[in-house]
$ cat run-v5.pdb   # PDB, C-alpha atoms, pLDDT in the B column
ATOM      1  CA  MET A  25       0.000   0.000   0.000  1.00 57.00           C
ATOM      2  CA  ARG A  26       2.851   2.347   0.823  1.00 60.00           C
ATOM      3  CA  LYS A  27       4.413   1.721  -2.593  1.00 57.00           C
ATOM      4  CA  ILE A  28       1.143   2.602  -4.351  1.00 56.00           C
ATOM      5  CA  PHE A  29       0.825   5.822  -2.348  1.00 48.00           C
ATOM      6  CA  SER A  30       4.437   6.728  -3.150  1.00 54.00           C
ATOM      7  CA  PHE A  31       3.835   6.076  -6.841  1.00 50.00           C
ATOM      8  CA  PHE A  32       0.798   8.399  -6.912  1.00 47.00           C
ATOM      9  CA  MET A  33       2.731  11.102  -5.071  1.00 49.00           C
ATOM     10  CA  PHE A  34       5.484  10.759  -7.686  1.00 48.00           C
ATOM     11  CA  LEU A  35       2.940  11.166 -10.506  1.00 46.00           C
ATOM     12  CA  LEU A  36       1.466  14.283  -8.929  1.00 47.00           C
ATOM     13  CA  ALA A  37       4.875  15.823  -8.389  1.00 50.00           C
ATOM     14  CA  TYR A  38       6.034  15.320 -11.976  1.00 48.00           C
ATOM     15  CA  ASN A  39       2.730  15.713 -13.832  1.00 46.00           C
ATOM     16  CA  PRO A  40       0.716  18.270 -11.883  1.00 46.00           C
ATOM     17  CA  ILE A  41      -2.734  19.412 -12.946  1.00 45.00           C
ATOM     18  CA  SER A  42      -3.203  23.151 -12.876  1.00 43.00           C
ATOM     19  CA  HIS A  43      -5.956  25.577 -13.764  1.00 45.00           C
ATOM     20  CA  ALA A  44      -6.049  28.832 -15.680  1.00 45.00           C
ATOM     21  CA  GLY A  45      -5.220  31.784 -13.491  1.00 48.00           C
ATOM     22  CA  SER A  46      -7.914  33.281 -11.344  1.00 57.00           C
ATOM     23  CA  GLY A  47      -9.435  36.178 -13.224  1.00 70.00           C
ATOM     24  CA  GLU A  48      -8.040  35.246 -16.658  1.00 85.00           C
ATOM     25  CA  PHE A  49     -11.399  35.954 -18.300  1.00 91.00           C
ATOM     26  CA  ASN A  50     -12.336  39.101 -16.323  1.00 91.00           C
ATOM     27  CA  ASP A  51     -12.738  41.404 -19.311  1.00 93.00           C
ATOM     28  CA  ILE A  52     -14.344  41.788 -22.732  1.00 96.00           C
ATOM     29  CA  TRP A  53     -13.644  38.898 -25.108  1.00 97.00           C
ATOM     30  CA  LEU A  54     -14.554  38.469 -28.766  1.00 97.00           C
ATOM     31  CA  LEU A  55     -16.262  35.318 -30.022  1.00 97.00           C
ATOM     32  CA  THR A  56     -16.131  34.537 -33.743  1.00 97.00           C
ATOM     33  CA  ARG A  57     -17.890  31.501 -35.236  1.00 97.00           C
ATOM     34  CA  ASP A  58     -18.167  30.189 -38.761  1.00 96.00           C
ATOM     35  CA  HIS A  59     -20.757  27.648 -39.873  1.00 95.00           C
ATOM     36  CA  ILE A  60     -18.539  25.093 -41.614  1.00 94.00           C
ATOM     37  CA  LEU A  61     -17.080  22.347 -39.435  1.00 96.00           C
ATOM     38  CA  ASP A  62     -13.694  21.849 -41.089  1.00 96.00           C
ATOM     39  CA  GLY A  63     -11.102  22.779 -38.457  1.00 95.00           C
ATOM     40  CA  LYS A  64     -10.436  26.184 -40.047  1.00 95.00           C
ATOM     41  CA  LEU A  65     -12.005  29.437 -38.892  1.00 95.00           C
ATOM     42  CA  ASP A  66     -13.063  31.281 -42.038  1.00 93.00           C
ATOM     43  CA  PRO A  67     -15.925  33.622 -41.111  1.00 93.00           C
ATOM     44  CA  THR A  68     -17.766  35.963 -43.411  1.00 89.00           C
ATOM     45  CA  LYS A  69     -19.660  38.905 -41.983  1.00 82.00           C
ATOM     46  CA  LYS A  70     -22.690  37.987 -44.110  1.00 84.00           C
ATOM     47  CA  ASN A  71     -23.426  34.496 -42.772  1.00 83.00           C
ATOM     48  CA  ASP A  72     -21.305  34.002 -39.663  1.00 90.00           C
ATOM     49  CA  GLU A  73     -20.932  35.503 -36.209  1.00 93.00           C
ATOM     50  CA  VAL A  74     -17.894  37.770 -36.252  1.00 94.00           C
ATOM     51  CA  GLU A  75     -16.348  39.403 -33.164  1.00 93.00           C
ATOM     52  CA  LEU A  76     -19.343  39.206 -30.845  1.00 95.00           C
ATOM     53  CA  SER A  77     -18.342  41.015 -27.641  1.00 97.00           C
ATOM     54  CA  MET A  78     -18.785  39.034 -24.447  1.00 96.00           C
ATOM     55  CA  ARG A  79     -18.365  40.293 -20.888  1.00 96.00           C
ATOM     56  CA  LEU A  80     -16.780  37.444 -18.925  1.00 96.00           C
ATOM     57  CA  ASN A  81     -15.899  36.940 -15.261  1.00 94.00           C
ATOM     58  CA  SER A  82     -13.796  34.128 -13.876  1.00 94.00           C
ATOM     59  CA  HIS A  83     -12.433  32.552 -10.746  1.00 91.00           C
ATOM     60  CA  HIS A  84      -9.745  29.892 -10.961  1.00 88.00           C
ATOM     61  CA  ASN A  85     -10.621  27.774 -13.979  1.00 91.00           C
ATOM     62  CA  LYS A  86     -14.347  28.610 -14.210  1.00 95.00           C
ATOM     63  CA  PHE A  87     -15.967  31.547 -16.004  1.00 96.00           C
ATOM     64  CA  SER A  88     -19.381  32.945 -16.881  1.00 97.00           C
ATOM     65  CA  GLY A  89     -20.676  35.811 -18.943  1.00 96.00           C
ATOM     66  CA  GLU A  90     -23.073  37.290 -21.455  1.00 97.00           C
ATOM     67  CA  TYR A  91     -23.061  39.232 -24.697  1.00 96.00           C
ATOM     68  CA  ALA A  92     -21.911  42.805 -24.111  1.00 95.00           C
ATOM     69  CA  GLU A  93     -23.160  44.735 -27.161  1.00 91.00           C
ATOM     70  CA  ILE A  94     -26.143  42.847 -28.580  1.00 91.00           C
ATOM     71  CA  LYS A  95     -29.549  42.177 -27.106  1.00 91.00           C
ATOM     72  CA  ASN A  96     -29.620  38.440 -26.496  1.00 92.00           C
ATOM     73  CA  ASP A  97     -30.691  36.329 -23.516  1.00 93.00           C
ATOM     74  CA  SER A  98     -27.755  33.915 -23.848  1.00 96.00           C
ATOM     75  CA  VAL A  99     -25.609  33.086 -20.853  1.00 97.00           C
ATOM     76  CA  PHE A 100     -22.153  31.504 -21.109  1.00 97.00           C
ATOM     77  CA  ILE A 101     -20.552  29.198 -18.549  1.00 98.00           C
ATOM     78  CA  GLY A 102     -17.278  27.374 -18.969  1.00 97.00           C
ATOM     79  CA  GLU A 103     -14.046  25.972 -17.651  1.00 96.00           C
ATOM     80  CA  THR A 104     -10.413  25.654 -18.653  1.00 96.00           C
ATOM     81  CA  TYR A 105      -8.105  22.765 -17.827  1.00 95.00           C
ATOM     82  CA  THR A 106      -4.315  22.820 -18.033  1.00 95.00           C
ATOM     83  CA  ALA A 107      -2.037  19.788 -17.920  1.00 95.00           C
ATOM     84  CA  ARG A 108       1.053  18.579 -19.786  1.00 95.00           C
ATOM     85  CA  GLY A 109       1.588  22.025 -21.297  1.00 94.00           C
ATOM     86  CA  THR A 110      -1.843  22.250 -22.924  1.00 96.00           C
ATOM     87  CA  THR A 111      -4.859  24.324 -21.880  1.00 96.00           C
ATOM     88  CA  LEU A 112      -8.272  23.066 -22.970  1.00 97.00           C
ATOM     89  CA  ILE A 113     -11.494  25.073 -22.886  1.00 98.00           C
ATOM     90  CA  GLN A 114     -15.098  23.975 -22.743  1.00 98.00           C
ATOM     91  CA  PHE A 115     -17.995  26.399 -22.532  1.00 98.00           C
ATOM     92  CA  PHE A 116     -21.741  26.233 -22.931  1.00 98.00           C
ATOM     93  CA  GLN A 117     -24.089  28.896 -24.262  1.00 98.00           C
ATOM     94  CA  TYR A 118     -27.715  28.680 -23.368  1.00 95.00           C
ATOM     95  CA  GLY A 119     -30.728  30.871 -23.942  1.00 94.00           C
ATOM     96  CA  LYS A 120     -34.470  30.370 -23.908  1.00 93.00           C
ATOM     97  CA  THR A 121     -34.427  28.164 -27.034  1.00 92.00           C
ATOM     98  CA  PHE A 122     -30.780  27.958 -28.156  1.00 94.00           C
ATOM     99  CA  TYR A 123     -27.954  25.777 -26.822  1.00 97.00           C
ATOM    100  CA  VAL A 124     -24.330  25.593 -27.978  1.00 98.00           C
ATOM    101  CA  ILE A 125     -21.330  23.619 -26.730  1.00 98.00           C
ATOM    102  CA  HIS A 126     -17.785  24.840 -27.523  1.00 98.00           C
ATOM    103  CA  ASN A 127     -14.659  22.692 -27.153  1.00 98.00           C
ATOM    104  CA  GLY A 128     -11.165  23.874 -27.945  1.00 98.00           C
ATOM    105  CA  GLN A 129      -7.665  24.694 -26.799  1.00 98.00           C
ATOM    106  CA  LYS A 130      -5.472  27.666 -26.047  1.00 97.00           C
ATOM    107  CA  VAL A 131      -3.222  28.479 -29.010  1.00 97.00           C
ATOM    108  CA  ASP A 132      -1.760  31.785 -27.854  1.00 95.00           C
ATOM    109  CA  ASN A 133      -1.926  34.164 -24.923  1.00 93.00           C
ATOM    110  CA  ASN A 134      -5.623  35.124 -24.509  1.00 94.00           C
ATOM    111  CA  ARG A 135      -6.678  33.157 -27.612  1.00 97.00           C
ATOM    112  CA  TYR A 136      -8.604  29.885 -27.862  1.00 98.00           C
ATOM    113  CA  VAL A 137      -9.798  28.012 -30.970  1.00 98.00           C
ATOM    114  CA  GLY A 138     -11.989  24.978 -31.461  1.00 98.00           C
ATOM    115  CA  THR A 139     -15.325  23.661 -32.678  1.00 98.00           C
ATOM    116  CA  TRP A 140     -18.926  24.252 -31.676  1.00 98.00           C
ATOM    117  CA  PHE A 141     -22.187  22.314 -31.995  1.00 98.00           C
ATOM    118  CA  ALA A 142     -25.680  23.756 -31.521  1.00 97.00           C
ATOM    119  CA  VAL A 143     -29.309  22.743 -31.633  1.00 97.00           C
ATOM    120  CA  GLY A 144     -30.813  22.810 -35.110  1.00 95.00           C
ATOM    121  CA  ASN A 145     -27.922  20.760 -36.545  1.00 96.00           C
ATOM    122  CA  LEU A 146     -25.600  23.795 -36.542  1.00 95.00           C
ATOM    123  CA  SER A 147     -21.832  23.483 -36.151  1.00 97.00           C
ATOM    124  CA  GLY A 148     -18.574  25.126 -37.089  1.00 97.00           C
ATOM    125  CA  ASP A 149     -15.300  26.472 -35.821  1.00 97.00           C
ATOM    126  CA  PHE A 150     -14.738  29.248 -33.274  1.00 98.00           C
ATOM    127  CA  GLU A 151     -12.157  31.622 -31.909  1.00 98.00           C
ATOM    128  CA  LEU A 152     -12.358  33.261 -28.484  1.00 98.00           C
ATOM    129  CA  ARG A 153      -9.851  36.057 -27.913  1.00 97.00           C
ATOM    130  CA  LYS A 154      -9.425  38.951 -25.557  1.00 95.00           C
ATOM    131  CA  LYS A 155     -10.454  42.314 -26.994  1.00 92.00           C
TER     132      LYS A 155
END
$ encode --input "run-v5.pdb" --output "structure tokens"
Amino acid sequence: MRKIFSFFMFLLAYNPISHAGSGEFNDIWLLTRDHILDGKLDPTKKNDEVELSMRLNSHHNKFSGEYAEIKNDSVFIGETYTARGTTLIQFFQYGKTFYVIHNGQKVDNNRYVGTWFAVGNLSGDFELRKK
């Protein structure tokens, strides 16, 4: 039993799990989504959602927010996870009749990219970056 405990302590010491910094998302962020699920963000202002301002608040690895400049009842909640040098993001948008799940990863300081899926058979790629 002592050997098992020592092994787990070794794993934690050399492969720690950490979270995004407290307050990382406390600001205005821009969400851009296209409507073609192909791993490349290629939005057009005509058909896609380009640079939608979101007011986000966070504590440790959790955040919440809402649109900042458009009238919309959507609320956003999400989390980030960091391990092995990679930060993943998952956030959910929900409104009265619209639901979206976003999954992605951090690719640069204050910039996340990934894919999204919504009700109504909608999907595509997204970018979330600090304004």
$ resolve_selection --input "run-v5.pdb" --expression "the PyMOL selection byres ((chain A and resi 150) around 10)" --output "list of chain:residue names"
A:Leu55, A:Thr56, A:Arg57, A:Asp58, A:His59, A:Leu61, A:Gly63, A:Lys64, A:Leu65, A:Asp66, A:Pro67, A:Glu73, A:Val74, A:His126, A:Asn127, A:Gly128, A:Tyr136, A:Val137, A:Gly138, A:Thr139, A:Trp140, A:Ser147, A:Gly148, A:Asp149, A:Glu151, A:Leu152, A:Arg153
$ write_last_selection --input "run-v5.pdb" --atoms "C-alpha atoms" --output "CSV table (one decimal), keeping the file's coordinate frame"
chain,number,residue,atom,x,y,z
A,55,LEU,CA,-16.3,35.3,-30.0
A,56,THR,CA,-16.1,34.5,-33.7
A,57,ARG,CA,-17.9,31.5,-35.2
A,58,ASP,CA,-18.2,30.2,-38.8
A,59,HIS,CA,-20.8,27.6,-39.9
A,61,LEU,CA,-17.1,22.3,-39.4
A,63,GLY,CA,-11.1,22.8,-38.5
A,64,LYS,CA,-10.4,26.2,-40.0
A,65,LEU,CA,-12.0,29.4,-38.9
A,66,ASP,CA,-13.1,31.3,-42.0
A,67,PRO,CA,-15.9,33.6,-41.1
A,73,GLU,CA,-20.9,35.5,-36.2
A,74,VAL,CA,-17.9,37.8,-36.3
A,126,HIS,CA,-17.8,24.8,-27.5
A,127,ASN,CA,-14.7,22.7,-27.2
A,128,GLY,CA,-11.2,23.9,-27.9
A,136,TYR,CA,-8.6,29.9,-27.9
A,137,VAL,CA,-9.8,28.0,-31.0
A,138,GLY,CA,-12.0,25.0,-31.5
A,139,THR,CA,-15.3,23.7,-32.7
A,140,TRP,CA,-18.9,24.3,-31.7
A,147,SER,CA,-21.8,23.5,-36.2
A,148,GLY,CA,-18.6,25.1,-37.1
A,149,ASP,CA,-15.3,26.5,-35.8
A,151,GLU,CA,-12.2,31.6,-31.9
A,152,LEU,CA,-12.4,33.3,-28.5
A,153,ARG,CA,-9.9,36.1,-27.9
$ closest_residue --input "run-v5.pdb" --among "A:Ser88, A:Ser82, A:Asn96, A:Asn50" --to "A:Phe122" --atoms "only C-alpha atoms"
A:Asn96
$ resolve_selection --input "run-v5.pdb" --expression "the PyMOL selection byres ((chain A and resi 98-106) around 12)" --output "NGL selection string"
:A and (39-49 or 53 or 55 or 78-92 or 94-97 or 107-130 or 136)
$ atom_distance --input "run-v5.pdb" --atom1 "atom CA of A:Lys154" --atom2 "atom CA of A:Asp72"
19.1 Å
$ atom_distance --input "run-v5.pdb" --atom1 "atom CA of A:Ser77" --atom2 "atom CA of A:Ile52"
6.4 Å
$ decode --input "run-v5.pdb" --residues "stretch 133-150 of chain A" --atoms "N, CA and C atoms" --output "compact mmCIF listing (two decimals), in the first residue's frame"
# COMPACT_ATOMS: atom_id res chain seq x y z
N ASN A 133 -1.50 33.43 -26.10
CA ASN A 133 -1.93 34.16 -24.92
C ASN A 133 -3.27 34.84 -25.20
N ASN A 134 -4.27 34.55 -24.37
CA ASN A 134 -5.62 35.12 -24.51
C ASN A 134 -6.30 34.78 -25.84
N ARG A 135 -6.05 33.59 -26.35
CA ARG A 135 -6.68 33.16 -27.61
C ARG A 135 -6.92 31.65 -27.59
N TYR A 136 -8.18 31.28 -27.82
CA TYR A 136 -8.60 29.89 -27.86
C TYR A 136 -9.29 29.61 -29.20
N VAL A 137 -9.12 28.42 -29.74
CA VAL A 137 -9.80 28.01 -30.97
C VAL A 137 -10.36 26.61 -30.78
N GLY A 138 -11.40 26.30 -31.56
CA GLY A 138 -11.99 24.98 -31.46
C GLY A 138 -13.22 24.85 -32.33
N THR A 139 -14.10 23.93 -31.94
CA THR A 139 -15.32 23.66 -32.68
C THR A 139 -16.53 23.86 -31.79
N TRP A 140 -17.68 24.07 -32.42
CA TRP A 140 -18.93 24.25 -31.68
C TRP A 140 -20.04 23.45 -32.35
N PHE A 141 -21.02 23.04 -31.53
CA PHE A 141 -22.19 22.31 -32.00
C PHE A 141 -23.41 22.92 -31.31
N ALA A 142 -24.48 23.13 -32.07
CA ALA A 142 -25.68 23.76 -31.52
C ALA A 142 -26.93 22.99 -31.94
N VAL A 143 -28.02 23.30 -31.24
CA VAL A 143 -29.31 22.74 -31.63
C VAL A 143 -29.62 23.20 -33.04
N GLY A 144 -30.47 22.47 -33.73
CA GLY A 144 -30.81 22.81 -35.11
C GLY A 144 -29.79 22.31 -36.11
N ASN A 145 -28.96 21.35 -35.68
CA ASN A 145 -27.92 20.76 -36.54
C ASN A 145 -26.92 21.80 -37.04
N LEU A 146 -26.60 22.78 -36.21
CA LEU A 146 -25.60 23.79 -36.54
C LEU A 146 -24.26 23.39 -35.96
N SER A 147 -23.18 23.74 -36.66
CA SER A 147 -21.83 23.48 -36.15
C SER A 147 -20.84 24.33 -36.92
N GLY A 148 -19.63 24.38 -36.41
CA GLY A 148 -18.57 25.13 -37.09
C GLY A 148 -17.35 25.26 -36.21
N ASP A 149 -16.53 26.21 -36.55
CA ASP A 149 -15.30 26.47 -35.82
C ASP A 149 -15.44 27.81 -35.09
N PHE A 150 -14.66 28.00 -34.02
CA PHE A 150 -14.74 29.25 -33.27
C PHE A 150 -13.36 29.73 -32.87
